[in-house]
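K.L.:
Structure incoming, see below.
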Amino acid sequence: MRTGRVDTRFKVLAAGSFGCVLALAVAARADEPPKVGEPRVMSEPGEITDVVDAFDGDDVFDLHLTLGYQYSTRSAHVRRETAINNTANPGLSTGDFTASNMNVATYDETTSRLNTRADIGLYHDIALYLRMPIILSNDRKLTDLNGSAAVQNITALGGPNDGGPLFSIPFKSPQRSGIEYLALGLDFAFMNQFRDRSKPTWMAGFEARFGVGEPMHACNANPPQGQLSCANFSDVNRNGTAGDAMGVEEGHFSGGERPAGVSRGTTGIELHSFISRRIKYIEPYAGFRTLFEFAQDKSDFGATDLKGSLVNHPPLQGWVYAGLQVIPWEQREQFQRVTFDGRVGASYRSEGRDYSELFDALGSSTAPSIRRPTYASYKLDPADGSSVVDPASQRVYFTGITDVSAYMGWQASVSVTWQAGEYIKFTAGGTYTREQGHIITSDQPCNPDFSNDPGTTGPCRSEKVSPGGTTKTITPTGIPNPNYRPTIDAVGRRFRTEDSNLWDAFVMGIVMF
């Protein structure tokens, strides 16, 4: 009787143990290498570090096609420096102190953009991609800022001898549309946590951007009678004829309308890298992006080899990010999951020649103080030994592109991604960016790097008279900067932007083959 009980207990124990082993074996199959013909279980990292690959087991080819829509708004307050006495104009400067609080305009910009992208897997964690953002519409305008439209003799005029207003409020730019740029890039992952669980996922890549569309040109949607909306920068009167008492340098004047354009007119190189680590249901990450741009010859950036120019290149841009991806729901065998992404970032934009909030307004101005060209260099006058303009040198025209000072920005964004199956997923989200106030017309009058030739100094010199008044000593301090326009660049007349806010909302769908 006792023996039967022991035997029965042994059988029950053995059966239970076998069942546990079988259950563990079944549970462990998800981590085993897939067999030939067996469905590939989802094993990609989060969106930020995911690189499309190929020749991965039985999956020899991967192609991802992305189509998205992005709506962006940007607003800022444009102000100007002034030394107007506070007694007559409360809230402005006191005495001769230069303040930056003269209201000029409120700037508003809205952009609708179609984002297209194709990622092609080349090998394990190596992908080639192509992007082409298409601007469906871009609208810009300047409107009243706390009564500024009613006092345009203060806010929108140059100096007393500058020959008329620079622009008027309200001001509206024509609607722009077209291909923003064409980008070709390569992404690769140094490490992949889902291949080696002891390491994080670390990806990097680079991207070449080509401005294939028409570069932006300064335009006025409602020009005064007799003027063109988008005239050539060397069309001083903006009426389709030369009309320049100084003459027009050969090759610069082109009569008739030009398209407003939408491209930045640059060729760019972008570098980026991100690292992430999946820990159960969360995946923290960090990374950076940086962009170098080079002006194209067909753009309105003008000559980049002018000897006296202090800044002759577009700005350098950089971003750093830190974020967290949360995966609250995931069914790997069915290739389904939901991911929430929250990140913060900081950006830096170096000093450079750029399209500012006043690009169209200043670039389409008819004020002689900024429309008439300057000469690129000076020469020695043999008659009296002074330094005078060299009329044979290159003429430099104002195009609306100005020297914008360096500034930083702060960013926060959230998004949600739903992978509905093996071949499709959807993403939606939004971003808020706040930019630091900065000067948007900040060029300098002289380049101090060239001060060894008194004959080319022009006004860039200091004079010292001896106590008896019999001897005058002239010391060169540099050579003139041909891009400098006192009407907008001189201290006390410079423009700046403050309270810059950017909002982005986007949705996109991705088909994965």
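So you can find residues: chains in the structure tokens are A, B, ... in the order shown, residues in each start at 1, and ligands are numbered from 1 in order.
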List as a list in words the protein and nucleic acid residues near Gly409 (chain A), meaning an atom at most 6 Å away when only C-alpha atoms are counted, but skip any in the same chain fewer than 2 places from it.
P.N.:
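Neighbouring residues, sequence-local ones excluded: Ala346, Ser347, Arg434, Glu435 and Gln436 of chain A.
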K.L.:
Considering only C-alpha atoms, tabulate each residue of region 140-223 of chain A that lies at most 9 Å from region 125-128 of chain A along with its nearest interatomic pair and the corresponding distance in Å to one decimal; arrange the rows by chain and ascending residue number and present them as CSV.
P.N.:
residue,atom,partner,partner_atom,distance
A:Leu184,CA,A:Leu128,CA,7.6
A:Gly185,CA,A:Leu128,CA,5.9
A:Leu186,CA,A:Leu128,CA,4.6
A:Asp187,CA,A:Ala127,CA,5.2
A:Phe188,CA,A:Ile126,CA,4.4
A:Ala189,CA,A:Asp125,CA,5.3
A:Phe190,CA,A:Asp125,CA,8.1
A:Met191,CA,A:Asp125,CA,8.7
A:Asn192,CA,A:Asp125,CA,8.0
A:Met203,CA,A:Asp125,CA,8.6
K.L.:
Need to verify the contact set: Tyr407 (chain A), 10 Å, only C-alpha atoms, exclusion of same-chain residues closer than 6 positions in sequence. Can you return it as a ChimeraX atom specification?
P.N.:
/A:347-351,435-439
K.L.:
Neighbouring residues of region 286-300 of chain A were defined as those with any atom within 8 Å, considering only C-alpha atoms; residues of the same chain fewer than 3 positions away were excluded. Please report them as a list in words.
P.N.:
Pro215, Met216, His217, Arg264, Gly265, Thr266, Thr267, Gly268, Ile269, Glu270, Leu271, His272, Ser273, Phe274, Ile275, Ser276, His313, Pro314, Pro315, Leu316, Gln317, Gly318, Trp319, Val320, Tyr321, Ala322, Gly323, Thr399 and Ile401 of chain A
K.L.:
For a test of reading the model, state the distance in Å between CA of Ile48 (chain A) and CA of Thr339 (chain A), rounded to one decimal.
P.N.:
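That distance, rounded to one decimal, is 11.2 Å.
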K.L.:
Could you give me, as number ranges by chain, each residue of region 191-407 of chain A that DSSP assigns to strand (DSSP E) when run on this structure's backbone?
P.N.:
A: 191, 201-210, 266-276, 282-295, 317-331, 336-349, 352-354, 374-375, 378-380, 387-389, 395-396, 402-404, 407
K.L.:
Which residue, A:Asn138, A:Asn146, A:Thr116, A:Gln419, has the smallest gap to Gln336 (chain A) when you use only C-alpha atoms?
P.N.:
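Result for the nearest residue to Gln336 (chain A): A:Gln419.
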K.L.:
Show which residues sit within 10 Å of region 482-491 of chain A, as number ranges by chain. Count only C-alpha atoms, and ignore same-chain residues fewer than 6 positions away.
P.N.:
A: 80-83, 98-99, 157-159, 161-162, 166, 302, 306-312, 362, 367, 369-371, 373-377, 394-398, 401-403, 439-447
K.L.:
Set the distance at 10 Å and use only C-alpha atoms: which residues neighbour Glu463 (chain A) once local chain neighbours fewer than 5 positions away are removed? I'd like the list as a list in words.
P.N.:
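The residues that qualify are Lys472, Thr473, Ile474, Thr475 and Pro476 of chain A.
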K.L.:
Can you work out the spacing between CA of Gly429 (chain A) and CA of Phe506 (chain A) in Å, to one decimal?
P.N.:
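So the two atoms, CA of Gly429 (chain A) and CA of Phe506 (chain A), lie 5.6 Å apart.
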K.L.:
For CA of Phe513 (chain A) and CA of Glu44 (chain A), determine how far apart the two atoms are, in Å to one decimal place.
P.N.:
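Atom-to-atom, CA of Phe513 (chain A) to CA of Glu44 (chain A), that is 14.4 Å.
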K.L.:
What's the 9 Å shell around region 222-227 of chain A, counting only C-alpha atoms, without same-chain residues fewer than 5 positions away, as a list in words?
P.N.:
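Close residues of region 222-227 of chain A: Phe171, Lys172, Ser173, Pro174, Asn237, Arg238, Asn239, Gly240 and Ser364 of chain A.
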